[in-house]
Structure formats: C-alpha cells, structure tokens
Amino acid sequence: MNPFSYGGIVGDAAFCNRTKELADLTEMMKSKGRSFVYAERRMGKTSLVVRALGKLPKKQFVTVYVDLWPTDGSAAFSQATAKALSVAAAGSRSKRLLELGKSLFGRLRPSVSLDDAGRPRIDFGIDGRALSKTDLAEVLDAPQKLAEKTGKTVVMVFDEFQQILGYEDDSTEKQIRSSIQHHQNVAYVFLGSRKHLLQSMFLHEARPLYRSAMHYPIGPIATKHWQPFIAKRFQGADKQITRQSIASLCKRTEGHPFYTQHLCHVLWSMTEAGDEVDEADLDMAVAELLRRESHAYTNLWEAMTKNEQRFLRGLAESEEAPKPFSAEFTGRYGLRSASTAQRAAASLEARDLIDREESSFVIVDRFFRLWIQRLFAT
C-alpha cells in the first residue's frame, strides 16, 4: 500500500511534522483562546486542527467541528452549527440527541429521524424560513450553555469561515462577535483557505470581527522535516531515495504538503523494490503528473488574458520571490505598467490562482507552476 497520502484529512501515519503548530494550537484550545488559522488551499490546516482536537481528553473537552463550505446564509450556518454541536455532545443515541437538541435549540424545533443506514440524525425546522436575530443568538450562545451544562471546555472549530462573507448580510458576523465576547469556557478556531478574505475579516477596522482572535498562519513544511519522513517510507518498501533527491523534490513542490505527498505518491509507485531514485526518475514522475493535469491546465491557461498569462509566467520563472510591480518585472514580462500588473494580480487572486506571500505572490497550484515553466522552456 502506498504510504503517501494526499487529498482529504490526513491520518496520523501520513502526517509530517507540524510539531510546533500542533503544540501551539492545542495550548490555545486548552486555554480557551480564539484564533483564526489561515493558509493556502491544501496546506493541511484541517488535518492539523483535527489532530489537535484528537489530543484533547474527552473527559474535559467537547470538540465541535463545523464545515461551513456548503453553507450559503445564516439559516444554513445555524443548521450546520446546531447539528455539529448536538452530535458532538450527545453522540448517536436518539433520545439523548433529541433531549439535548431541545435544551440547546428549543426555538429551532429539533426533530430526530433515522437516515438510510439506520443511524439517528437530528434536523431543525429552519429550512425555508427567515432566521431571526433571536434564533441566531440562540445557536451562537449554545457553546457556552453546553459548557455550563457539562462542566467541560467546548472547542468550536469553524472551517472555511470566509464563506460567511457571501451570506445575505453581515448579521452572522455581528452576532458572532456579540456572542463570543461573553463566553468564558469556549475556545474558538476559525479556519480559512482564502487568506486575503479571512484577513480582511479579522484585520480591517470596519469589520465586526476586527481583532477578535489572534491570527495564526500555516506555511509550507521545511525540507529538513520532509527528509526523514520521505526516506523512511521509501526504505520501508526496500526503495532508496537520497537526501539530494528529496531536496530536489521539495524544491519543486516548495514544501507544500499536498503537492509533496502527491509527487511522492507517484514517485514511490514508479520505483521498483531494490532501486534507488535519481533525478531522471524524479523528472519522469513530474512529467507523469503534468501529463495527467495537462488538459485542465491548458483550458485554464487559454481562458486567461494575455496580461494574466504574463504575470503568471513571471512568478513561475522567478527563483526568488519577485517584486511583481517593479519596472524590472513588468518590463521583462511585457506588462506595460505597474497598474497593469496590479489588475492582473487582483483578478488572479480573486480566482484563487495566486496568493499573497509578504510583498509578493505565489502560484497556488505548485504543479501548474511547473507546467508553466515547461511551457516556456525552449
């Protein structure tokens, strides 16, 4: 079985390092703090936070994970939050689930039924009707109410938190601020993958959640941490890979967990037992990945404006983080002015194709970056 895992939440066996981040987040949860954790897509933030939740003793903590990705308004937010809270606290016992639902969310008319697999599920009577401010307040006050009822610390995790920016208005944001500032026995973790949106929510003075939580960015994993992780998994199948080859692999993926694990997955599959990976093998693995993605990347590229293509080419070909609005960069890549480059960057960032990194940008999809490099390698 291939030891490298990518996509979805990564389990313990496939989890690389993050020792400091894990300790920091676990301590924050134990101290009932508030943090917004942000990173590029596929950087492993959800796996990291779920792992931190798993380290908390169940006798002292109730852990609640709420995925906001499918939500489109305050009603859906309330439904998702109420369900997650009820299940986390009551488990799968029908009677207990209904009792807890009624005690925490009486206004939302909870009911329990069986799903297709015969397991109890809780629902709330808020579909298709407007949600009042009082209804929303009841949902957001439930974590503190649960903490008081159980005598435990409640840890609330809201994943893809930037989704609430697309709701019908900012009432959810405002009510979150109003409610959580009074909670004494609840820790809050707000996760997001669109950094510029999440940062605007917590770092701009005009936003309701301005400075309501500490910010905690998650970055790539350093090569020194990938070295033993990758080597051990190749050696376990009698396959050899040198430190130099691992360094070369990590340079191509920039240490991004998803792309590093994905490339390792393909490379491991292509390597026979008893063989040693060399640079040619690594090139073949990259070529295979790009072949699989070629159609999607071609369509993506052809849908861009010329200036967007030029901007991306400049990022892809730069060894170090470039100054993308400088005269040198704009002149070299045919962007007529800094304002032209800024417009291209804004459009690409809005579509999650690039992300800010200090005073520069990175191409979010590391394989797309390699594809662009090869497109212009003549």
# chains A, B, ... in the order shown; residues from 1 in each chain; ligands from 1
call {"tool": "residues_around", "arguments": {"residues": "region 288-295 of chain A", "least_positions_apart": "4", "cutoff": "9 Å", "atoms": "only C-alpha atoms", "output": "count of residues only"}}
result
11
call {"tool": "residues_around", "arguments": {"residues": "region 247-261 of chain A", "least_positions_apart": "4", "cutoff": "8 Å", "atoms": "only C-alpha atoms", "output": "list in words"}}
result
Phe4, Ser5, Tyr6, Gly7, Arg42, Met43, Gly44, Gly219, Pro220, Ile221, Ala222, Thr223, Trp226, Gln227, Arg243, His265, Glu279, Leu282, Arg366, Phe367 and Leu370 of chain A
call {"tool": "write_last_selection", "arguments": {"atoms": "N, CA and C atoms", "output": "mmCIF file, in the first residue's frame"}}
result
data_model
loop_
_atom_site.group_PDB
_atom_site.id
_atom_site.type_symbol
_atom_site.label_atom_id
_atom_site.label_comp_id
_atom_site.auth_asym_id
_atom_site.auth_seq_id
_atom_site.Cartn_x
_atom_site.Cartn_y
_atom_site.Cartn_z
ATOM 1 N N PHE A 4 2.120 7.274 0.970
ATOM 2 C CA PHE A 4 1.946 8.722 0.844
ATOM 3 C C PHE A 4 0.486 9.046 0.546
ATOM 4 N N SER A 5 -0.054 9.952 1.338
ATOM 5 C CA SER A 5 -1.481 10.271 1.261
ATOM 6 C C SER A 5 -1.678 11.735 0.919
ATOM 7 N N TYR A 6 -2.620 12.012 0.032
ATOM 8 C CA TYR A 6 -2.936 13.402 -0.326
ATOM 9 C C TYR A 6 -4.425 13.508 -0.623
ATOM 10 N N GLY A 7 -4.967 14.682 -0.350
ATOM 11 C CA GLY A 7 -6.401 14.872 -0.533
ATOM 12 C C GLY A 7 -7.148 14.374 0.687
ATOM 13 N N ARG A 42 -5.142 23.331 0.592
ATOM 14 C CA ARG A 42 -4.407 22.067 0.629
ATOM 15 C C ARG A 42 -3.113 22.121 1.434
ATOM 16 N N MET A 43 -2.984 23.121 2.288
ATOM 17 C CA MET A 43 -1.780 23.231 3.105
ATOM 18 C C MET A 43 -1.839 22.321 4.326
ATOM 19 N N GLY A 44 -2.982 21.704 4.572
ATOM 20 C CA GLY A 44 -3.092 20.751 5.669
ATOM 21 C C GLY A 44 -3.619 21.340 6.964
ATOM 22 N N GLY A 219 2.226 27.686 7.108
ATOM 23 C CA GLY A 219 3.027 27.735 5.889
ATOM 24 C C GLY A 219 3.474 26.357 5.440
ATOM 25 N N PRO A 220 4.366 26.298 4.439
ATOM 26 C CA PRO A 220 4.899 25.018 3.962
ATOM 27 C C PRO A 220 5.737 24.332 5.036
ATOM 28 N N ILE A 221 6.080 23.076 4.800
ATOM 29 C CA ILE A 221 6.923 22.310 5.712
ATOM 30 C C ILE A 221 8.356 22.339 5.188
ATOM 31 N N ALA A 222 9.296 22.640 6.071
ATOM 32 C CA ALA A 222 10.703 22.764 5.675
ATOM 33 C C ALA A 222 11.263 21.424 5.200
ATOM 34 N N THR A 223 12.218 21.501 4.270
ATOM 35 C CA THR A 223 12.827 20.294 3.703
ATOM 36 C C THR A 223 13.431 19.401 4.779
ATOM 37 N N TRP A 226 10.877 17.084 5.893
ATOM 38 C CA TRP A 226 10.482 16.103 4.878
ATOM 39 C C TRP A 226 11.527 15.004 4.720
ATOM 40 N N GLN A 227 12.795 15.324 4.958
ATOM 41 C CA GLN A 227 13.872 14.353 4.724
ATOM 42 C C GLN A 227 13.613 13.010 5.415
ATOM 43 N N ARG A 243 19.191 12.009 0.138
ATOM 44 C CA ARG A 243 18.853 13.329 0.676
ATOM 45 C C ARG A 243 18.827 14.359 -0.448
ATOM 46 N N HIS A 265 3.844 10.156 -3.864
ATOM 47 C CA HIS A 265 2.945 9.033 -4.155
ATOM 48 C C HIS A 265 3.227 8.459 -5.535
ATOM 49 N N GLU A 279 17.634 11.686 -10.275
ATOM 50 C CA GLU A 279 16.997 12.891 -10.822
ATOM 51 C C GLU A 279 16.129 12.578 -12.034
ATOM 52 N N LEU A 282 12.816 11.355 -10.898
ATOM 53 C CA LEU A 282 12.022 12.479 -10.406
ATOM 54 C C LEU A 282 11.419 13.258 -11.571
ATOM 55 N N ARG A 366 1.192 24.202 -7.204
ATOM 56 C CA ARG A 366 2.623 24.062 -7.499
ATOM 57 C C ARG A 366 2.878 23.300 -8.797
ATOM 58 N N PHE A 367 1.974 22.391 -9.165
ATOM 59 C CA PHE A 367 2.146 21.666 -10.426
ATOM 60 C C PHE A 367 1.823 22.570 -11.619
ATOM 61 N N LEU A 370 4.916 24.382 -12.364
ATOM 62 C CA LEU A 370 5.859 23.572 -13.139
ATOM 63 C C LEU A 370 5.413 23.461 -14.596
#
call {"tool": "atom_distance", "arguments": {"atom1": "CA of Glu160 (chain A)", "atom2": "CA of Ser193 (chain A)"}}
result
6.5 Å
call {"tool": "atom_distance", "arguments": {"atom1": "CA of Gln163 (chain A)", "atom2": "CA of Asn307 (chain A)"}}
result
29.1 Å
call {"tool": "closest_residue", "arguments": {"among": "A:Gln144, A:Thr150, A:Ser245, A:Gln199", "to": "Ser179 (chain A)", "atoms": "only C-alpha atoms"}}
result
A:Gln144
call {"tool": "closest_residue", "arguments": {"among": "A:Arg374, A:Arg313, A:His225, A:Arg34", "to": "Asn17 (chain A)", "atoms": "only C-alpha atoms"}}
result
A:His225
call {"tool": "residues_around", "arguments": {"residues": "Ser47 (chain A)", "least_positions_apart": "2", "cutoff": "9 Å", "atoms": "only C-alpha atoms", "output": "ChimeraX atom specification"}}
result
/A:8-11,15,44-45,49-52
call {"tool": "write_last_selection", "arguments": {"atoms": "N, CA and C atoms", "output": "compact mmCIF listing (two decimals), in the first residue's frame"}}
result
# COMPACT_ATOMS: atom_id res chain seq x y z
N GLY A 8 -8.09 15.12 1.17
CA GLY A 8 -8.83 14.74 2.37
C GLY A 8 -8.01 14.98 3.63
N ILE A 9 -8.58 14.58 4.75
CA ILE A 9 -7.90 14.75 6.04
C ILE A 9 -6.89 13.64 6.22
N VAL A 10 -5.65 14.01 6.50
CA VAL A 10 -4.55 13.05 6.61
C VAL A 10 -4.50 12.48 8.02
N GLY A 11 -4.40 11.15 8.13
CA GLY A 11 -4.31 10.49 9.43
C GLY A 11 -2.91 10.54 10.02
N PHE A 15 1.04 11.89 8.53
CA PHE A 15 1.17 13.28 8.99
C PHE A 15 2.64 13.62 9.19
N GLY A 44 -2.98 21.70 4.57
CA GLY A 44 -3.09 20.75 5.67
C GLY A 44 -3.62 21.34 6.96
N LYS A 45 -4.27 22.51 6.89
CA LYS A 45 -4.73 23.15 8.12
C LYS A 45 -5.84 22.36 8.79
N VAL A 49 -5.68 20.82 12.59
CA VAL A 49 -6.62 21.16 13.66
C VAL A 49 -7.36 19.92 14.15
N VAL A 50 -7.76 19.03 13.26
CA VAL A 50 -8.42 17.79 13.67
C VAL A 50 -7.48 16.95 14.54
N ARG A 51 -6.21 16.94 14.20
CA ARG A 51 -5.21 16.21 15.01
C ARG A 51 -5.10 16.85 16.40
N ALA A 52 -5.11 18.18 16.45
CA ALA A 52 -5.06 18.88 17.74
C ALA A 52 -6.30 18.55 18.59
call {"tool": "closest_residue", "arguments": {"among": "A:Lys306, A:Lys58, A:Arg351, A:Lys232", "to": "Ile363 (chain A)", "atoms": "only C-alpha atoms"}}
result
A:Arg351
call {"tool": "select_by_dssp", "arguments": {"residues": "region 105-335 of chain A", "states": "strand (DSSP E)", "output": "PyMOL selection string"}}
result
chain A and resi 110-114+120-124+153-159+186-192+214-217+240-241+276-277
call {"tool": "residues_around", "arguments": {"residues": "region 72-89 of chain A", "least_positions_apart": "3", "cutoff": "9 Å", "atoms": "only C-alpha atoms", "output": "PyMOL selection string"}}
result
chain A and resi 62-69+92+97-98+100-101+104-105+108+121-131+135-136+139-140+142-143+146+150+156+158+163-164+166-169+171-172
call {"tool": "closest_residue", "arguments": {"among": "A:Ser347, A:Phe202, A:Thr19, A:Arg369", "to": "Glu319 (chain A)", "atoms": "only C-alpha atoms"}}
result
A:Arg369
call {"tool": "residues_around", "arguments": {"residues": "Asp170 (chain A)", "least_positions_apart": "4", "cutoff": "12 Å", "atoms": "only C-alpha atoms", "output": "ChimeraX atom specification"}}
result
/A:73-74,133,162-166,174-177,201,206-209
call {"tool": "closest_residue", "arguments": {"among": "A:Val37, A:Ala327, A:Val112, A:Ile218", "to": "Val157 (chain A)", "atoms": "only C-alpha atoms"}}
result
A:Val37
call {"tool": "closest_residue", "arguments": {"among": "A:Ser339, A:Leu114, A:Leu48, A:Ala237", "to": "Arg18 (chain A)", "atoms": "only C-alpha atoms"}}
result
A:Leu48
